[in-house]
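Visitor: Dropping in model-v8.txt, with compact mmCIF, C-alpha atoms and all ligand atoms.
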```txt
# COMPACT_ATOMS: atom_id res chain seq x y z
CA MET A 4 95.65 75.89 59.91
CA LYS A 5 94.10 78.98 58.40
CA LEU A 6 96.33 81.93 59.05
CA TYR A 7 93.72 84.43 58.15
CA GLN A 8 89.98 84.10 58.18
CA PRO A 9 88.27 86.79 56.18
CA GLN A 10 85.65 87.36 58.87
CA TRP A 11 88.33 88.55 61.28
CA HIS A 12 90.09 91.80 60.89
CA ILE A 13 93.51 91.36 62.44
CA PRO A 14 94.94 94.81 63.18
CA PRO A 15 98.23 95.30 61.34
CA LEU A 16 101.54 95.89 63.11
CA PHE A 17 102.04 98.94 60.88
CA ALA A 18 99.33 101.23 59.58
CA GLU A 19 99.11 100.92 55.79
CA SER A 20 100.05 104.56 55.37
CA SER A 21 103.24 104.35 57.40
CA ALA A 22 106.65 103.09 56.34
CA ARG A 23 107.69 99.71 57.67
CA SER A 24 111.15 100.12 59.08
CA THR A 25 113.05 99.54 62.31
CA GLU A 26 113.20 103.31 62.58
CA THR A 27 109.45 103.95 62.40
CA TRP A 28 108.96 101.04 64.80
CA GLU A 29 111.44 102.27 67.36
CA LYS A 30 110.61 105.96 66.96
CA GLY A 31 106.86 105.85 67.41
CA ARG A 32 104.88 102.75 66.44
CA ARG A 33 106.26 100.62 69.26
CA GLU A 34 105.25 103.20 71.88
CA GLU A 35 101.87 103.63 70.24
CA LEU A 36 101.11 99.90 70.39
CA LEU A 37 102.43 99.59 73.92
CA ARG A 38 100.02 102.32 74.95
CA LEU A 39 97.13 100.61 73.14
CA LEU A 40 97.90 97.28 74.82
CA ALA A 41 97.91 99.05 78.18
CA GLU A 42 94.72 101.01 77.57
CA ASN A 43 92.77 98.05 76.23
CA ILE A 44 94.02 94.99 78.10
CA TYR A 45 96.33 95.39 81.10
CA GLY A 46 95.83 99.00 82.18
CA ILE A 47 98.41 101.76 82.27
CA THR A 48 101.29 101.20 84.66
CA PRO A 49 101.64 104.19 87.03
CA SER A 50 104.97 105.91 86.63
CA ARG A 51 105.67 106.72 90.29
CA LYS A 52 108.79 105.02 91.64
CA PRO A 53 109.26 103.95 95.26
CA ASP A 54 110.79 106.68 97.46
CA ARG A 55 112.74 104.12 99.44
CA ILE A 56 113.69 100.47 99.01
CA GLU A 57 114.89 98.27 101.86
CA ILE A 58 116.00 94.68 101.57
CA GLU A 59 115.18 92.27 104.37
CA VAL A 60 116.86 88.86 104.27
CA LEU A 61 114.34 86.16 105.21
CA GLY A 62 116.58 83.17 104.62
CA ASP A 63 120.11 82.34 103.53
CA ASN A 64 121.22 78.79 102.83
CA PRO A 65 124.64 78.39 101.18
CA THR A 66 124.18 74.63 100.77
CA ALA A 67 120.73 74.35 99.23
CA CYS A 68 119.37 71.62 96.94
CA GLY A 69 121.72 69.02 98.44
CA CYS A 70 124.77 71.33 98.20
CA LYS A 71 124.11 72.38 94.63
CA ASN A 72 123.57 76.09 95.07
CA HIS A 73 123.18 79.06 97.37
CA HIS A 74 119.56 79.89 98.15
CA LYS A 75 118.32 83.22 99.50
CA LYS A 76 114.88 84.56 100.29
CA ILE A 77 114.52 88.30 100.45
CA LEU A 78 111.74 90.76 100.98
CA MET A 79 111.94 94.04 99.10
CA HIS A 80 110.15 96.75 101.06
CA LEU A 81 108.99 99.42 98.63
CA SER A 82 107.88 102.67 100.27
CA PHE A 83 105.70 105.38 98.82
CA GLY A 84 105.51 108.12 101.45
CA ALA A 85 103.95 106.56 104.54
CA LYS A 86 102.68 103.49 102.67
CA SER A 87 104.65 100.47 101.68
CA ALA A 88 104.33 97.16 99.87
CA ALA A 89 106.62 94.14 100.06
CA LEU A 90 107.82 91.86 97.29
CA GLU A 91 109.23 88.43 98.08
CA ILE A 92 111.99 87.08 95.86
CA TRP A 93 113.74 83.70 96.06
CA THR A 94 117.10 83.18 94.39
CA TRP A 95 119.34 80.14 93.84
CA THR A 96 122.87 80.92 92.67
CA PRO A 97 125.30 78.34 91.23
CA TYR A 98 128.68 77.88 92.91
CA GLY A 99 131.72 79.32 91.18
CA GLU A 100 132.49 82.67 89.77
CA GLY A 101 129.64 84.93 88.72
CA PRO A 102 128.01 87.04 87.60
CA PHE A 103 125.54 84.46 86.33
CA PRO A 104 122.90 84.77 83.64
CA VAL A 105 119.44 84.71 85.18
CA GLN A 106 116.30 82.66 84.65
CA MET A 107 113.66 84.82 86.31
CA MET A 108 110.21 83.30 86.66
CA ILE A 109 107.04 85.14 87.63
CA ASP A 110 105.08 83.09 90.15
CA PRO A 111 101.72 84.60 91.10
CA PHE A 112 100.42 81.42 92.70
CA GLU A 113 99.92 81.43 96.45
CA LYS A 114 103.18 80.54 98.15
CA GLU A 115 101.92 77.29 99.68
CA LEU A 116 101.34 75.81 96.23
CA HIS A 117 104.97 75.89 95.15
CA ALA A 118 106.66 76.47 98.46
CA LYS A 119 108.68 73.27 98.72
CA GLU A 120 112.30 73.71 97.89
CA PRO A 121 114.20 71.52 95.47
CA PRO A 122 115.23 68.73 95.57
CA GLU A 123 112.16 67.74 97.64
CA PHE A 124 110.18 69.63 95.08
CA LEU A 125 110.88 67.35 92.16
CA TYR A 126 107.99 68.54 90.08
CA GLY A 127 109.24 70.49 87.08
CA PHE A 128 107.42 73.73 87.70
CA PHE A 129 110.50 75.57 88.90
CA PRO A 130 113.41 73.12 89.05
CA ALA A 131 115.93 75.52 90.61
CA ASP A 132 118.59 72.80 90.93
CA MET A 133 118.33 71.94 87.24
CA LEU A 134 118.67 75.63 86.34
CA THR A 135 121.77 76.14 88.49
CA ASP A 136 123.27 72.88 87.14
CA ARG A 137 123.11 74.51 83.72
CA GLY A 138 124.88 77.64 84.94
CA TYR A 139 121.92 79.95 85.48
CA ALA A 140 120.90 81.79 88.59
CA ALA A 141 117.28 80.82 89.27
CA VAL A 142 115.08 83.66 90.47
CA LYS A 143 111.47 83.34 91.46
CA VAL A 144 109.30 86.45 91.87
CA LEU A 145 106.51 85.62 94.32
CA THR A 146 104.06 88.22 93.18
CA SER A 147 101.25 87.18 95.53
CA SER A 148 103.19 89.14 98.18
CA ILE A 149 102.65 92.37 96.29
CA CYS A 150 99.28 91.63 94.70
CA PRO A 151 97.39 88.53 95.84
CA ASP A 152 95.78 86.51 93.06
CA ASP A 153 92.39 86.77 94.66
CA LYS A 154 89.36 88.78 93.67
CA THR A 155 88.72 90.03 97.19
CA ARG A 156 92.32 90.67 98.32
CA TYR A 157 94.10 91.84 95.18
CA ARG A 158 94.19 95.45 96.37
CA ASN A 159 96.14 94.47 99.52
CA GLY A 160 99.44 95.59 98.11
CA ILE A 161 100.65 97.82 95.33
CA LEU A 162 97.21 98.22 93.75
CA GLY A 163 95.98 99.79 96.98
CA ILE A 164 98.86 102.28 96.94
CA LEU A 165 99.22 103.17 93.27
CA THR A 166 95.69 102.93 91.94
CA GLY A 167 96.43 105.08 88.92
CA GLU A 168 93.84 107.63 90.01
CA GLU A 169 96.55 109.79 91.60
CA GLU A 170 98.22 110.06 88.17
CA GLY A 171 94.95 110.95 86.46
CA ILE A 172 94.65 107.64 84.62
CA PRO A 173 91.00 107.26 83.53
CA GLU A 174 89.13 104.56 85.43
CA ASN A 175 88.70 102.25 82.44
CA HIS A 176 92.44 102.15 81.84
CA ARG A 177 93.68 101.58 85.40
CA TRP A 178 95.89 98.59 85.93
CA GLY A 179 94.93 95.21 87.36
CA ALA A 180 96.75 92.22 88.80
CA ILE A 181 98.69 91.28 85.65
CA GLY A 182 99.96 94.85 85.43
CA ALA A 183 100.98 94.72 89.08
CA TRP A 184 102.74 91.35 88.69
CA ALA A 185 104.60 92.65 85.63
CA TRP A 186 105.63 95.71 87.66
CA ALA A 187 106.92 93.32 90.33
CA GLY A 188 109.06 91.63 87.66
CA SER A 189 110.65 94.99 86.92
CA ARG A 190 111.25 95.67 90.62
CA CYS A 191 112.99 92.30 90.77
CA VAL A 192 115.24 93.43 87.90
CA ASP A 193 116.00 96.57 89.97
CA TYR A 194 117.10 94.27 92.79
CA LEU A 195 119.18 91.98 90.57
CA GLU A 196 121.00 95.05 89.22
CA THR A 197 122.30 95.79 92.70
CA GLN A 198 123.67 92.29 93.40
CA PRO A 199 127.08 91.29 91.99
CA GLU A 200 126.21 87.61 91.51
CA PHE A 201 123.63 88.35 88.81
CA ASP A 202 124.41 89.49 85.27
CA GLU A 203 121.75 92.13 84.81
CA LYS A 204 122.35 92.26 81.07
CA LYS A 205 121.47 88.58 80.78
CA ILE A 206 118.04 88.14 82.27
CA ALA A 207 115.44 85.83 80.72
CA ILE A 208 111.87 86.16 81.96
CA SER A 209 109.29 83.38 81.86
CA GLY A 210 106.00 82.35 83.36
CA CYS A 211 103.31 79.72 83.02
CA SER A 212 99.73 80.50 82.06
CA ARG A 213 98.59 83.64 83.96
CA ALA A 214 102.27 84.20 84.67
CA GLY A 215 103.00 83.69 80.97
CA LYS A 216 100.68 86.59 80.20
CA THR A 217 102.56 88.55 82.86
CA ALA A 218 106.00 87.64 81.51
CA LEU A 219 105.00 88.90 78.07
CA TRP A 220 103.63 92.15 79.48
CA CYS A 221 106.67 92.68 81.70
CA GLY A 222 109.07 91.96 78.82
CA ALA A 223 107.08 94.31 76.59
CA GLN A 224 107.46 97.23 78.98
CA ASP A 225 110.91 96.56 80.38
CA GLN A 226 113.59 96.41 77.74
CA ARG A 227 116.28 95.61 80.29
CA ILE A 228 115.03 92.02 80.02
CA ALA A 229 117.17 90.25 77.43
CA VAL A 230 115.02 87.21 76.58
CA VAL A 231 111.22 87.01 76.73
CA MET A 232 109.58 83.60 77.15
CA SER A 233 106.07 82.41 77.86
CA ASN A 234 104.35 79.10 78.38
CA VAL A 235 100.68 78.16 77.77
CA SER A 236 99.67 81.80 78.20
CA GLY A 237 96.49 81.69 76.07
CA THR A 238 93.86 84.43 76.26
CA GLY A 239 95.26 87.77 77.39
CA GLY A 240 98.69 86.33 76.58
CA ALA A 241 100.14 84.89 73.38
CA ALA A 242 96.90 83.68 71.76
CA ILE A 243 95.34 85.81 69.09
CA GLU A 244 91.86 86.58 70.37
CA ARG A 245 90.13 86.92 67.05
CA GLY A 246 88.73 83.54 66.08
CA LYS A 247 90.33 81.61 68.93
CA ILE A 248 88.76 78.56 70.49
CA GLY A 249 88.58 77.59 74.18
CA GLU A 250 88.71 80.57 76.50
CA HIS A 251 87.32 83.87 75.26
CA ILE A 252 87.43 87.38 76.64
CA CYS A 253 83.93 86.77 78.04
CA ASP A 254 85.23 83.83 80.13
CA ILE A 255 88.40 85.41 81.42
CA THR A 256 86.82 88.75 82.34
CA LYS A 257 84.02 86.91 84.14
CA ASN A 258 86.34 84.65 86.13
CA PHE A 259 89.26 87.04 86.63
CA PRO A 260 88.00 90.60 86.13
CA PHE A 261 90.72 91.97 88.43
CA TRP A 262 93.57 90.74 86.20
CA PHE A 263 92.88 93.37 83.54
CA CYS A 264 91.71 96.94 83.07
CA LYS A 265 87.98 97.56 82.75
CA GLN A 266 88.25 98.51 79.11
CA TYR A 267 89.01 94.87 78.21
CA GLU A 268 85.40 94.02 79.08
CA ALA A 269 84.24 96.21 76.20
CA TYR A 270 85.45 93.43 73.86
CA VAL A 271 83.39 90.60 75.35
CA ASN A 272 81.83 88.91 72.31
CA ASP A 273 83.22 91.73 70.19
CA GLU A 274 86.90 90.87 69.78
CA ASP A 275 86.97 92.48 66.37
CA ALA A 276 86.46 95.91 67.93
CA MET A 277 89.70 95.64 69.88
CA PRO A 278 92.43 97.84 68.36
CA VAL A 279 95.14 95.36 69.41
CA ASP A 280 95.73 91.62 69.48
CA ALA A 281 98.33 89.17 70.74
CA HIS A 282 100.75 89.42 67.79
CA MET A 283 101.34 93.02 68.86
CA LEU A 284 102.17 91.93 72.39
CA LEU A 285 104.65 89.36 71.05
CA ALA A 286 106.17 91.91 68.67
CA MET A 287 107.04 94.09 71.68
CA ALA A 288 109.87 91.69 72.49
CA ALA A 289 111.54 92.32 69.11
CA PRO A 290 114.32 92.23 68.21
CA ARG A 291 115.22 90.51 71.49
CA PRO A 292 115.25 86.70 71.57
CA HIS A 293 111.72 85.43 72.10
CA TYR A 294 110.50 81.95 72.96
CA LEU A 295 106.95 80.70 72.92
CA ALA A 296 105.80 77.38 74.35
CA SER A 297 102.44 75.63 74.14
CA ALA A 298 101.08 72.27 75.28
CA SER A 299 99.46 69.93 72.77
CA VAL A 300 96.11 69.29 74.48
CA ASP A 301 95.66 72.81 75.80
CA VAL A 302 92.43 73.59 73.99
CA TRP A 303 91.50 76.31 76.50
CA ALA A 304 94.63 78.34 75.63
CA ASP A 305 94.37 77.37 71.90
CA ILE A 306 97.69 76.25 70.50
CA ASP A 307 96.90 77.39 66.97
CA ALA A 308 95.95 80.86 68.16
CA GLU A 309 99.26 81.05 70.05
CA TYR A 310 101.30 79.97 67.04
CA LYS A 311 99.37 82.28 64.75
CA ALA A 312 100.28 85.27 66.92
CA LEU A 313 103.93 84.25 66.83
CA TYR A 314 103.81 83.82 63.07
CA LEU A 315 102.31 87.27 62.64
CA ALA A 316 104.78 88.82 65.08
CA SER A 317 107.65 87.29 63.11
CA ASP A 318 106.87 89.90 60.46
CA LEU A 319 108.29 92.50 62.81
CA TYR A 320 111.33 90.34 63.59
CA ARG A 321 111.95 90.17 59.85
CA LEU A 322 112.58 93.92 59.80
CA TYR A 323 115.67 93.20 61.86
CA ASP A 324 116.56 89.89 60.28
CA PRO A 325 115.09 89.34 56.79
CA ALA A 326 116.15 85.69 56.87
CA ILE A 327 113.53 84.81 59.49
CA GLU A 328 110.87 82.62 57.95
CA LEU A 329 108.68 80.66 60.35
CA PRO A 330 106.84 77.64 58.94
CA GLN A 331 103.24 78.53 58.07
CA GLU A 332 102.13 75.25 59.55
CA ARG A 333 102.49 74.99 63.30
CA PRO A 334 105.23 72.46 64.15
CA GLY A 335 104.06 69.21 65.69
CA ALA A 336 104.55 68.11 69.29
CA ASN A 337 108.07 67.89 70.69
CA GLN A 338 109.76 69.42 67.64
CA PRO A 339 111.31 72.65 68.92
CA ILE A 340 112.35 75.24 66.35
CA HIS A 341 114.89 78.05 66.63
CA ILE A 342 114.84 80.48 63.71
CA GLY A 343 116.70 83.77 64.01
CA ASN A 344 115.79 85.21 67.39
CA ILE A 345 112.57 83.22 67.65
CA GLY A 346 112.11 79.89 69.39
CA TYR A 347 109.03 77.73 69.72
CA HIS A 348 107.92 74.34 70.89
CA LEU A 349 104.70 72.50 71.38
CA ARG A 350 105.14 70.12 74.30
CA GLU A 351 103.12 66.95 74.25
CA GLY A 352 100.70 67.06 77.16
CA ILE A 353 98.51 69.21 79.32
CA HIS A 354 98.49 72.83 80.48
CA ASP A 355 101.58 72.83 82.73
CA LEU A 356 105.26 73.74 83.00
CA THR A 357 107.62 70.78 82.97
CA PHE A 358 111.27 69.73 82.80
CA TYR A 359 110.87 69.40 79.06
CA ASP A 360 109.85 73.07 78.78
CA TRP A 361 112.79 74.17 80.93
CA ASN A 362 115.28 72.17 78.89
CA CYS A 363 113.99 73.77 75.69
CA TYR A 364 114.07 77.23 77.29
CA MET A 365 117.67 76.79 78.34
CA ASP A 366 118.78 75.29 75.02
CA PHE A 367 117.43 78.47 73.43
CA CYS A 368 118.86 80.84 76.06
CA ASP A 369 122.32 79.23 75.91
CA SER A 370 122.76 80.84 72.45
CA TYR A 371 122.31 84.31 73.91
CA LEU A 372 123.13 84.32 77.59
CA LYS A 373 126.20 82.13 77.82
C1 LIG A 401 92.74 79.74 83.78
C2 LIG A 401 92.60 80.95 82.93
C3 LIG A 401 93.67 80.90 81.91
C4 LIG A 401 95.00 80.70 82.57
C5 LIG A 401 94.95 79.70 83.71
C6 LIG A 401 96.15 79.64 84.63
O1 LIG A 401 91.67 79.44 84.55
O2 LIG A 401 91.34 80.93 82.38
O3 LIG A 401 93.66 82.03 81.09
O4 LIG A 401 95.51 81.90 82.99
O5 LIG A 401 93.86 79.92 84.53
O6 LIG A 401 96.78 80.63 84.97
O7 LIG A 401 96.47 78.55 85.04
```
Since I need it in another form, could you write the structure as structure tokens?
Ligand code: GTR
Guide:
Amino acid sequence: MKLYQPQWHIPPLFAESSARSTETWEKGRREELLRLLAENIYGITPSRKPDRIEIEVLGDNPTACGCKNHHKKILMHLSFGAKSAALEIWTWTPYGEGPFPVQMMIDPFEKELHAKEPPEFLYGFFPADMLTDRGYAAVKVLTSSICPDDKTRYRNGILGILTGEEEGIPENHRWGAIGAWAWAGSRCVDYLETQPEFDEKKIAISGCSRAGKTALWCGAQDQRIAVVMSNVSGTGGAAIERGKIGEHICDITKNFPFWFCKQYEAYVNDEDAMPVDAHMLLAMAAPRPHYLASASVDVWADIDAEYKALYLASDLYRLYDPAIELPQERPGANQPIHIGNIGYHLREGIHDLTFYDWNCYMDFCDSYLK
């Protein structure tokens, strides 16, 4: 793998003229890059908070998953003056004495797709019973309730209420669906903070593919989240855009223009003009524990571009922990690594989220959240 190709100019985490220290990072550069990521990729998140929040309980099953855990479904009604949006959240809590560390997954897929509850739902996408068996509360954020993943309906929710225009955000930098889903992740954290069974200081966020992009963006903006994890997130997520193979900005903005801000389209076939790239997004998690997962035949996401971004982001982690040294060569399939606060694995197989991924996630999280 070539870490640097001379034809690509990868923007540095620190400007050459500025000192590289945790202080300069925390007291300015971090905010600056967060702003650039918002302005150029995801759009700026409006700052207005809901005036009122009401919790409606949709379901409550104390003997879920064959008597393995307590399952609840709630709807968070978020009001802004006369308008309101609703966010659906499903939780599974282990038996015994809490508060429990949390595995919170962003799920933007339409509810029908992953609606079956474990154990009927044996597929590994969100194995709530396996998570509670390992002592975690499993929390799924069903973001389609607040912003449908659909190019005609995506404004039927928070994006129709907080467009960004009311805060004077220029049109090119207004948020899209990924911004809205990430915002939903933060509203879920607000909810978890109010419930005694969840340890709000021990929340890990994750997501697969489009939700992986979202998990990274949510974790970047919301430092209450203790561990940031993503899976097969590719373009607009963990993969460095410059020189990547598979999906390009031209593909993703053509197929999913509503996921991003308009400004992102300015970089179609001109990635080099973009002032940011994925290593900056990954660096936003620092110095918090950070896990990246890829799948070996996921050419569309580009496994080398994902690892390259992690490698470059590890430079920032090194400010906090000089002993961190990731291998220059991407590790092979099914050989997870855990170095300092960084974890990584390449799962053998296709673009997906499986039991293998979850086991690796939890092995990593156990070091921090237990
Ligand atoms: C693809 C998209 C990818 C990824 C994926 C998914 O079609 O091009 O970037 O987000 O969808 O979410 O499954």
Visitor: Can you tell me which residues sit at most 12 Å away from ligand LIG 401 (chain A), counting all atoms listed in the file, written as a PyMOL selection string?
Guide: chain A and resi 109-113+152+180-181+210-217+233-242+244+249-260+262-263+301-305+353-356
Visitor: Could you list, as JSON, numbers by chain, every residue within 12 Å of A:Gly163, counting only C-alpha atoms and ignoring same-chain residues fewer than 5 positions away?
Guide: {"A": [83, 86, 87, 88, 149, 150, 151, 156, 157, 158, 168, 169, 177, 178, 179, 180, 183]}
Visitor: Would you write out, as JSON lines, a table of all residues in stretch 221-282 of chain A that have an atom no more than 7 Å from an atom of stretch 184-206 of chain A, listing for each the closest atom pair and the distance in Å to one decimal, considering all atoms listed in the file and ordering rows by chain and rising residue number?
Guide:
```
{"residue": "A:Cys221", "atom": "CA", "partner": "A:Ala185", "partner_atom": "CA", "distance": 4.4}
{"residue": "A:Asp225", "atom": "CA", "partner": "A:Ser189", "partner_atom": "CA", "distance": 6.7}
{"residue": "A:Arg227", "atom": "CA", "partner": "A:Lys204", "partner_atom": "CA", "distance": 7.0}
{"residue": "A:Ile228", "atom": "CA", "partner": "A:Ile206", "partner_atom": "CA", "distance": 5.4}
{"residue": "A:Ala229", "atom": "CA", "partner": "A:Ile206", "partner_atom": "CA", "distance": 5.4}
{"residue": "A:Val230", "atom": "CA", "partner": "A:Ile206", "partner_atom": "CA", "distance": 6.5}
```
Visitor: Just write the chosen residues, C-alpha atoms, as a compact mmCIF listing (two decimals), in the frame of the given file.
Guide:
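Produced file part.txt, reproduced below:
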```txt
# COMPACT_ATOMS: atom_id res chain seq x y z
CA CYS A 221 106.67 92.68 81.70
CA ASP A 225 110.91 96.56 80.38
CA ARG A 227 116.28 95.61 80.29
CA ILE A 228 115.03 92.02 80.02
CA ALA A 229 117.17 90.25 77.43
CA VAL A 230 115.02 87.21 76.58
```
Visitor: Just checking: using only C-alpha atoms, which residue out of A:Ser147, A:Asn344, A:Asn43, A:Gln338 ends up closest to A:Asp324?
Guide: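 Counting only C-alpha atoms, the residue closest to A:Asp324 is A:Asn344.
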Visitor: Quick one: pull the distance between atom CA of A:Leu284 and atom CA of A:Ala141, Å, one decimal.
Guide: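 Taking atom CA of A:Leu284 as the start and atom CA of A:Ala141 as the end point, the length is 25.2 Å.
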Visitor: Calculate how many Å separate atom CA of A:Val105 from atom CA of A:Tyr347, rounding to one decimal.
Guide: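 Computing the Euclidean distance for atom CA of A:Val105 and atom CA of A:Tyr347 yields 19.9 Å.
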Visitor: Smallest atom-to-atom distance to A:Pro292: which of A:Thr96, A:Thr27, A:Ser370, A:Gln331, using all atoms listed in the file?
Guide: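 When distances to A:Pro292 are compared using all atoms listed in the file, the smallest one comes from A:Ser370.
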Visitor: For a cutoff of 10 Å around the file-coordinate point (97.6, 98.8, 77.3), which residues qualify once you count all atoms listed in the file? I'd like the result as a list in words.
Guide: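 Collected hits near the coordinates: Glu35, Leu36, Leu37, Arg38, Leu39, Leu40, Ala41, Glu42, Asn43, Ile44, Tyr45, Gly46, Ile47, Thr48, His176, Arg177, Trp178, Gly182, Trp220, Phe263, Cys264, Gln266, Tyr267, Val279 and Leu284 of chain A.
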Visitor: Excluding same-chain residues fewer than 2 positions from A:Pro97, what lies within 10 Å of it counting only C-alpha atoms, as a list in words?
Guide: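 Counting only C-alpha atoms, the residues come to Pro65, Cys70, Lys71, Asn72, His73, His74, Trp95, Gly99, Glu100, Gly101, Pro102, Phe103, Ala131, Asp132, Leu134, Thr135, Asp136, Arg137, Gly138, Tyr139, Ala140, Ala141 and Glu200 of chain A.
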Visitor: What separation in Å, quoted to one decimal, exists between atom CA of A:Ile77 and atom CA of A:Thr146?
Guide: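 These atoms are spaced 12.7 Å apart.
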Visitor: Looking at A:Cys68, A:Phe261, A:Val142, A:Ala312, which one is nearest to A:Lys154, with distances taken over all atoms listed in the file?
Guide: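 Going through A:Cys68, A:Phe261, A:Val142, A:Ala312 one by one, the smallest distance to A:Lys154 is for A:Phe261.
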Visitor: Taking all atoms listed in the file into account, which of A:Gly346, A:Pro325, A:Gly246, A:Pro173 comes nearest A:Pro49?
Guide: A:Pro173
Visitor: So, counting only C-alpha atoms, which residue among A:Arg245, A:Ile92, A:Ile172, A:Ser82 is closest to A:Ala276?
Guide: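 Distance minimum relative to A:Ala276 lands on A:Arg245.
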Visitor: Could you check which of A:Leu349, A:Met277, A:Ala218, A:Ile327 is closest to A:Ser297, using all atoms listed in the file?
Guide: A:Leu349
Visitor: Excluding A:Leu319 and its own-chain neighbours fewer than 5 positions away, which residues fall within 12 Å of it when counting all atoms listed in the file? Please give them as a PyMOL selection string.
Guide: chain A and resi 15-17+23-29+32-33+282-291+312-314+324-328+344-345
